[in-house]
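Colleague: What follows is the file work-v3.csv, containing CSV, C-alpha atoms:
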```
chain,number,residue,atom,x,y,z
B,75,MET,CA,-57.6,-52.8,28.3
B,76,GLU,CA,-59.7,-50.4,26.3
B,77,LEU,CA,-57.0,-47.8,26.3
B,78,LEU,CA,-54.2,-50.3,25.8
B,79,ALA,CA,-55.8,-51.7,22.7
B,80,CYS,CA,-55.9,-48.3,21.1
B,81,ILE,CA,-52.2,-47.6,22.1
B,82,ARG,CA,-51.1,-50.9,20.5
B,83,VAL,CA,-53.0,-50.4,17.3
B,84,LEU,CA,-51.5,-46.8,16.9
B,85,LYS,CA,-48.0,-48.2,17.4
B,86,TRP,CA,-48.7,-50.9,14.9
B,87,VAL,CA,-49.8,-48.3,12.3
B,88,ARG,CA,-46.6,-46.3,13.0
B,89,GLU,CA,-44.4,-49.3,12.6
B,90,ASN,CA,-46.0,-50.6,9.4
B,91,ALA,CA,-46.7,-47.3,7.6
B,92,PRO,CA,-46.6,-45.7,5.0
B,93,TRP,CA,-49.0,-47.3,2.5
B,94,ASN,CA,-49.5,-45.9,-0.9
B,95,SER,CA,-52.6,-43.7,-1.2
B,96,VAL,CA,-53.5,-44.1,2.5
B,97,THR,CA,-54.2,-40.6,4.0
B,98,ARG,CA,-56.0,-41.5,7.2
B,99,VAL,CA,-56.8,-44.4,9.6
B,100,GLN,CA,-60.0,-45.1,11.3
B,101,VAL,CA,-59.9,-46.8,14.7
B,102,PHE,CA,-63.2,-48.4,15.8
B,103,THR,CA,-63.8,-48.9,19.5
B,104,ASP,CA,-66.8,-50.0,21.5
B,105,SER,CA,-65.5,-48.0,24.5
B,106,ARG,CA,-67.4,-44.8,25.1
B,107,TYR,CA,-64.8,-44.1,27.8
B,108,VAL,CA,-62.1,-43.8,25.1
B,109,LYS,CA,-64.1,-42.1,22.5
B,110,GLU,CA,-65.7,-39.5,24.8
B,111,ASN,CA,-62.6,-38.6,26.6
B,112,LEU,CA,-60.0,-38.2,23.8
B,113,ILE,CA,-60.5,-34.5,23.6
B,114,ARG,CA,-60.8,-34.1,27.4
B,115,ALA,CA,-57.6,-35.9,27.9
B,116,ARG,CA,-55.6,-33.2,26.2
B,117,GLU,CA,-57.1,-30.7,28.7
B,118,TRP,CA,-56.3,-33.1,31.6
B,119,LYS,CA,-52.7,-33.1,30.4
B,120,LYS,CA,-52.5,-29.3,30.4
B,121,ASN,CA,-53.9,-29.3,33.9
B,122,ASP,CA,-51.4,-31.9,35.3
B,123,TRP,CA,-54.0,-34.7,34.8
B,124,THR,CA,-56.8,-33.1,36.7
B,125,ASN,CA,-60.3,-32.1,35.4
B,126,GLN,CA,-61.7,-28.6,35.5
B,127,HIS,CA,-62.6,-29.1,39.2
B,128,GLY,CA,-59.1,-30.2,40.2
B,129,GLU,CA,-60.1,-33.9,40.6
B,130,PRO,CA,-57.2,-36.3,39.6
B,131,ARG,CA,-58.0,-38.4,36.6
B,132,GLU,CA,-57.7,-42.2,36.6
B,133,ASN,CA,-55.5,-44.1,34.2
B,134,SER,CA,-53.2,-41.0,33.6
B,135,ASP,CA,-50.3,-43.3,32.6
B,136,LEU,CA,-52.3,-44.9,29.8
B,137,TRP,CA,-53.8,-41.6,28.6
B,138,LYS,CA,-50.2,-40.2,28.3
B,139,GLN,CA,-49.2,-43.2,26.2
B,140,LEU,CA,-52.3,-42.9,24.0
B,141,LEU,CA,-51.9,-39.2,23.3
B,142,SER,CA,-48.2,-39.7,22.5
B,143,ALA,CA,-48.9,-42.6,20.2
B,144,HIS,CA,-51.6,-40.5,18.5
B,145,VAL,CA,-49.2,-37.7,17.8
B,146,LYS,CA,-46.4,-40.1,16.5
B,147,THR,CA,-48.6,-42.1,14.2
B,148,GLY,CA,-47.6,-40.1,11.2
B,149,VAL,CA,-51.1,-40.2,9.6
B,150,THR,CA,-54.4,-38.7,10.4
B,151,VAL,CA,-56.3,-40.9,12.8
B,152,HIS,CA,-60.1,-40.8,13.5
B,153,PHE,CA,-61.6,-42.7,16.4
B,154,GLU,CA,-65.1,-44.0,15.8
B,155,TRP,CA,-67.4,-45.6,18.4
B,156,THR,CA,-69.3,-48.7,17.4
B,157,LEU,CA,-71.6,-51.1,19.4
B,158,GLY,CA,-69.5,-54.1,20.3
B,159,LYS,CA,-70.1,-57.7,19.1
B,160,LYS,CA,-72.7,-56.8,16.5
B,161,SER,CA,-70.9,-57.9,13.4
B,162,PRO,CA,-68.9,-61.0,12.3
B,163,VAL,CA,-65.6,-59.0,12.6
B,164,LEU,CA,-66.4,-57.6,16.0
B,165,LYS,CA,-67.4,-61.1,17.2
B,166,ARG,CA,-64.0,-62.4,16.1
B,167,VAL,CA,-62.3,-59.6,17.9
B,168,ASP,CA,-64.2,-60.3,21.1
B,169,LYS,CA,-63.4,-64.0,20.9
B,170,ALA,CA,-59.7,-63.2,20.3
B,171,ALA,CA,-59.6,-60.8,23.2
B,172,LYS,CA,-61.1,-63.3,25.6
B,173,ALA,CA,-58.7,-66.0,24.4
B,174,ALA,CA,-55.7,-63.6,24.9
B,175,ALA,CA,-56.9,-62.7,28.4
B,176,SER,CA,-57.1,-66.4,29.3
B,177,ARG,CA,-53.7,-67.2,27.8
B,178,GLY,CA,-51.9,-64.3,29.5
B,179,GLY,CA,-48.6,-62.9,28.3
B,180,PRO,CA,-45.3,-61.3,29.4
B,181,ASP,CA,-46.5,-57.7,29.6
B,182,ILE,CA,-47.7,-56.3,32.9
B,183,ASP,CA,-49.4,-52.9,33.3
B,184,ARG,CA,-47.4,-51.7,36.2
B,185,GLY,CA,-49.3,-48.4,36.2
B,186,TYR,CA,-52.6,-50.0,37.1
B,187,LYS,CA,-53.5,-50.3,40.8
B,188,PRO,CA,-56.6,-52.4,41.2
B,189,GLY,CA,-57.5,-51.3,44.8
B,190,ALA,CA,-60.2,-53.0,46.8
B,191,ILE,CA,-63.5,-53.8,44.9
B,192,ALA,CA,-66.9,-54.9,46.1
B,193,ARG,CA,-70.4,-54.2,44.9
B,194,SER,CA,-72.6,-51.2,45.6
B,195,MET,CA,-75.8,-51.8,47.4
B,196,LEU,CA,-77.5,-49.6,44.8
B,197,ARG,CA,-77.8,-49.8,41.1
B,198,GLY,CA,-76.4,-47.1,38.8
B,199,THR,CA,-73.2,-45.1,38.5
B,200,ALA,CA,-71.6,-43.4,41.5
B,201,THR,CA,-71.9,-39.6,41.3
B,202,ARG,CA,-69.8,-36.8,42.8
B,203,PHE,CA,-70.6,-36.3,46.5
B,204,PRO,CA,-72.1,-32.9,47.2
B,205,ALA,CA,-69.6,-32.0,49.9
B,206,LYS,CA,-70.6,-29.0,52.1
B,207,GLY,CA,-68.5,-29.7,55.2
B,208,GLN,CA,-71.0,-32.2,56.5
B,209,SER,CA,-70.6,-35.6,58.1
B,210,ALA,CA,-72.3,-38.8,56.7
B,211,VAL,CA,-72.3,-42.5,57.2
B,212,ILE,CA,-70.8,-44.3,54.3
B,213,ARG,CA,-70.1,-47.9,53.2
B,214,PRO,CA,-67.0,-48.0,50.9
B,215,TYR,CA,-67.1,-50.6,48.1
B,216,ARG,CA,-64.3,-49.6,45.8
B,217,LYS,CA,-61.0,-47.7,46.0
B,218,ASN,CA,-58.6,-46.6,43.2
B,219,LEU,CA,-55.1,-45.4,43.8
B,220,LEU,CA,-54.4,-42.1,41.9
B,221,GLY,CA,-51.3,-40.0,41.7
B,222,GLY,CA,-50.2,-37.6,44.3
B,223,GLY,CA,-50.9,-39.8,47.3
B,224,GLU,CA,-54.6,-39.8,46.8
B,225,GLU,CA,-57.3,-42.4,46.2
B,226,LYS,CA,-60.8,-42.2,44.7
B,227,VAL,CA,-63.3,-43.9,47.0
B,228,ARG,CA,-66.7,-45.0,45.9
B,229,PHE,CA,-69.3,-45.6,48.6
B,230,ASP,CA,-72.9,-45.9,49.4
B,231,ILE,CA,-74.5,-43.4,51.7
B,232,PHE,CA,-76.4,-44.9,54.6
B,233,SER,CA,-79.4,-43.1,56.2
B,234,GLU,CA,-79.5,-43.8,59.9
B,235,SER,CA,-83.1,-42.5,60.1
B,236,THR,CA,-84.5,-44.9,57.5
B,237,GLN,CA,-81.8,-47.6,58.0
B,238,SER,CA,-81.4,-47.8,54.3
B,239,TYR,CA,-78.8,-46.9,51.5
B,240,VAL,CA,-79.9,-43.8,49.7
B,241,GLU,CA,-77.2,-42.9,47.2
B,242,SER,CA,-74.0,-44.1,45.6
B,243,CYS,CA,-71.2,-41.5,45.4
B,244,TYR,CA,-67.5,-40.9,45.2
B,245,ALA,CA,-65.0,-38.6,46.9
B,246,PHE,CA,-61.3,-38.5,47.3
B,247,ALA,CA,-59.1,-39.3,50.3
B,248,SER,CA,-55.4,-39.5,51.2
B,249,THR,CA,-53.9,-42.9,50.9
B,250,ASP,CA,-53.4,-43.1,54.6
B,251,LEU,CA,-57.1,-42.3,55.3
B,252,ALA,CA,-58.3,-44.5,52.5
B,253,ALA,CA,-56.4,-47.4,54.0
B,254,GLU,CA,-58.6,-47.1,57.1
B,255,LEU,CA,-61.8,-47.3,55.1
B,256,HIS,CA,-62.4,-51.0,54.7
B,257,ARG,CA,-64.9,-52.1,52.1
B,258,GLN,CA,-68.3,-53.1,53.2
B,259,HIS,CA,-67.8,-51.5,56.6
B,260,GLY,CA,-69.7,-48.5,57.9
B,261,TYR,CA,-68.0,-45.2,58.8
B,262,ARG,CA,-69.0,-41.8,59.9
B,263,VAL,CA,-66.7,-39.4,58.0
B,264,ARG,CA,-66.4,-35.7,57.6
B,265,PHE,CA,-66.1,-34.1,54.2
B,266,ASN,CA,-64.6,-30.8,52.9
B,267,ASP,CA,-66.8,-28.0,51.7
B,268,ASN,CA,-66.0,-28.2,48.0
B,269,SER,CA,-68.8,-29.9,46.1
B,270,LYS,CA,-66.8,-29.8,42.8
B,271,TYR,CA,-63.8,-31.6,44.4
B,272,PRO,CA,-65.2,-33.7,47.4
B,273,GLN,CA,-62.7,-35.0,49.8
B,274,ILE,CA,-63.0,-37.2,52.9
B,275,LEU,CA,-61.0,-35.3,55.6
B,276,GLU,CA,-61.6,-37.4,58.7
B,277,LEU,CA,-62.8,-40.8,59.9
B,278,VAL,CA,-64.9,-39.9,62.9
B,279,GLU,CA,-66.0,-43.4,64.0
B,280,GLU,CA,-67.0,-46.9,62.7
B,281,VAL,CA,-70.8,-47.4,62.5
B,282,PRO,CA,-72.4,-50.9,62.5
B,283,LEU,CA,-74.5,-51.5,59.4
B,284,PRO,CA,-77.4,-53.9,59.1
B,285,LYS,CA,-76.7,-57.1,57.3
B,286,PRO,CA,-78.0,-57.1,53.7
B,287,LEU,CA,-81.1,-59.2,53.1
B,288,ASP,CA,-80.1,-60.0,49.6
B,289,ASP,CA,-77.4,-62.7,49.5
B,290,ARG,CA,-76.1,-61.4,46.2
B,291,TRP,CA,-74.3,-58.7,48.0
```
Take the structure I supplied and represent it as structure tokens, if you would.

Modeller:
Amino acid sequence: MELLACIRVLKWVRENAPWNSVTRVQVFTDSRYVKENLIRAREWKKNDWTNQHGEPRENSDLWKQLLSAHVKTGVTVHFEWTLGKKSPVLKRVDKAAKAAASRGGPDIDRGYKPGAIARSMLRGTATRFPAKGQSAVIRPYRKNLLGGGEEKVRFDIFSESTQSYVESCYAFASTDLAAELHRQHGYRVRFNDNSKYPQILELVEEVPLPKPLDDRW
């Protein structure tokens, strides 16, 4: 939705321009994801929608649309980040967005694949797994379908020695292999030896995990 909102506003500018004496347009977004990746997205496009390590990027279909809409706007566009819901205008925008989400509409983002989602046993953002050809016990909690028959798998690493979860990470896997990694189950898997582009190569065995003590999970 953060990307789609920017795409729609740029199309609106193109369809309603020009205006006398208007030389540039400012787009305010409370999405750091959009603001911080606008420049990177152009490099992803040059690299066939992968980052500098060869990892496939999520939401490539929407990033393509945003870059295209940006070029076709016909006026200079500056994106600015702002903290959301901190002014009367932004509060009205938030209220309108929630109302629209509840109301629904005819448009369907057919490029989005939700995948399977659960919650991590740990707090914080998943980091790139330091793959060195090792095996580890993981508990998958989220999968996102990417292009090229690959999925991004987020998982918690389970330490058998301490019987605890020690880190939340992500790696990539083929769609066939990812289909075997059911969320909230434990698996011993083998990784490749590329820490900049970690991949799950093999599901070795299923491993029973202790039941969580906290019912929130």

Colleague: Quick one: residues within 9 Å of Glu76 in chain B, all atoms listed in the file, excluding same-chain residues fewer than 5 positions away - as a list of chain:residue names?

Modeller: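 My list of contacting residues is B:Thr103, B:Asp104, B:Ser105, B:Tyr107, B:Val108.
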
Colleague: Pick from B:Gln139, B:Tyr271, B:Ala170, B:Glu225: nearest to Arg202 in chain B, with all atoms listed in the file counted?

Modeller: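 Among the listed residues, B:Tyr271 lies closest to Arg202 in chain B.
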
Colleague: Residues of range 229-265 of chain B within 10 Å of range 206-215 of chain B: nearest atom pair and distance (Å, one decimal) for each, counting all atoms listed in the file, sorted by chain and number, as a tab-separated table?

Modeller:
```
residue	atom	partner	partner_atom	distance
B:Phe229	CA	B:Pro214	CA	4.0
B:Asp230	CA	B:Arg213	CA	5.1
B:Ile231	CA	B:Ile212	CA	4.6
B:Phe232	CA	B:Val211	CA	5.4
B:Ser233	CA	B:Val211	CA	7.2
B:Glu234	CA	B:Val211	CA	7.8
B:Tyr239	CA	B:Ile212	CA	8.9
B:Glu241	CA	B:Ile212	CA	9.7
B:Ser242	CA	B:Ile212	CA	9.3
B:Cys243	CA	B:Ile212	CA	9.3
B:Tyr244	CA	B:Pro214	CA	9.1
B:Ala252	CA	B:Pro214	CA	9.5
B:Leu255	CA	B:Pro214	CA	6.7
B:His256	CA	B:Pro214	CA	6.7
B:Arg257	CA	B:Pro214	CA	4.8
B:Gln258	CA	B:Arg213	CA	5.5
B:His259	CA	B:Arg213	CA	5.5
B:Gly260	CA	B:Arg213	CA	4.8
B:Tyr261	CA	B:Val211	CA	5.3
B:Arg262	CA	B:Val211	CA	4.3
B:Val263	CA	B:Ser209	CA	5.4
B:Arg264	CA	B:Ser209	CA	4.2
B:Phe265	CA	B:Gly207	CA	5.1
```

Colleague: To one decimal in Å, tell me the separation between CA of Lys169 in chain B and CA of Ile81 in chain B.

Modeller: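 Calculated distance between CA of Lys169 in chain B and CA of Ile81 in chain B is 19.9 Å.
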
Colleague: Could you check which of B:Ala115, B:Pro282, B:Leu84, B:Leu196 is closest to Pro130 in chain B, using only C-alpha atoms?

Modeller: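 Selected residue with least distance to Pro130 in chain B: B:Ala115.
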
Colleague: Name the residues in contact with range 116-120 of chain B at a cut-off of 10 Å, using all atoms listed in the file, excluding same-chain residues fewer than 4 positions from it; report them as a PyMOL selection string.

Modeller: chain B and resi 111-112+124-126+128-131+134+137-138+141

Colleague: Using only C-alpha atoms, which of B:Trp123, B:Trp86, B:Trp93, B:Phe203 sits nearest Thr147 in chain B?

Modeller: B:Trp86

Colleague: Write out as a PDB file with C-alpha atoms, in the frame of the given file each polymer residue whose atoms come within 12 Å of Val96 in chain B, counting all atoms listed in the file; drop sequence neighbours fewer than 4 positions from it.

Modeller:
```
ATOM      1  CA  VAL B  87     -49.800 -48.300  12.300  1.00  0.00           C
ATOM      2  CA  ALA B  91     -46.700 -47.300   7.600  1.00  0.00           C
ATOM      3  CA  PRO B  92     -46.600 -45.700   5.000  1.00  0.00           C
ATOM      4  CA  GLN B 100     -60.000 -45.100  11.300  1.00  0.00           C
ATOM      5  CA  GLY B 148     -47.600 -40.100  11.200  1.00  0.00           C
ATOM      6  CA  VAL B 149     -51.100 -40.200   9.600  1.00  0.00           C
ATOM      7  CA  THR B 150     -54.400 -38.700  10.400  1.00  0.00           C
ATOM      8  CA  VAL B 151     -56.300 -40.900  12.800  1.00  0.00           C
TER       9      VAL B 151
END
```

Colleague: At what distance in Å, to one decimal, does CA of Val163 in chain B lie from CA of Ala175 in chain B?

Modeller: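 Calculated distance between CA of Ala175 in chain B and CA of Val163 in chain B is 18.4 Å.
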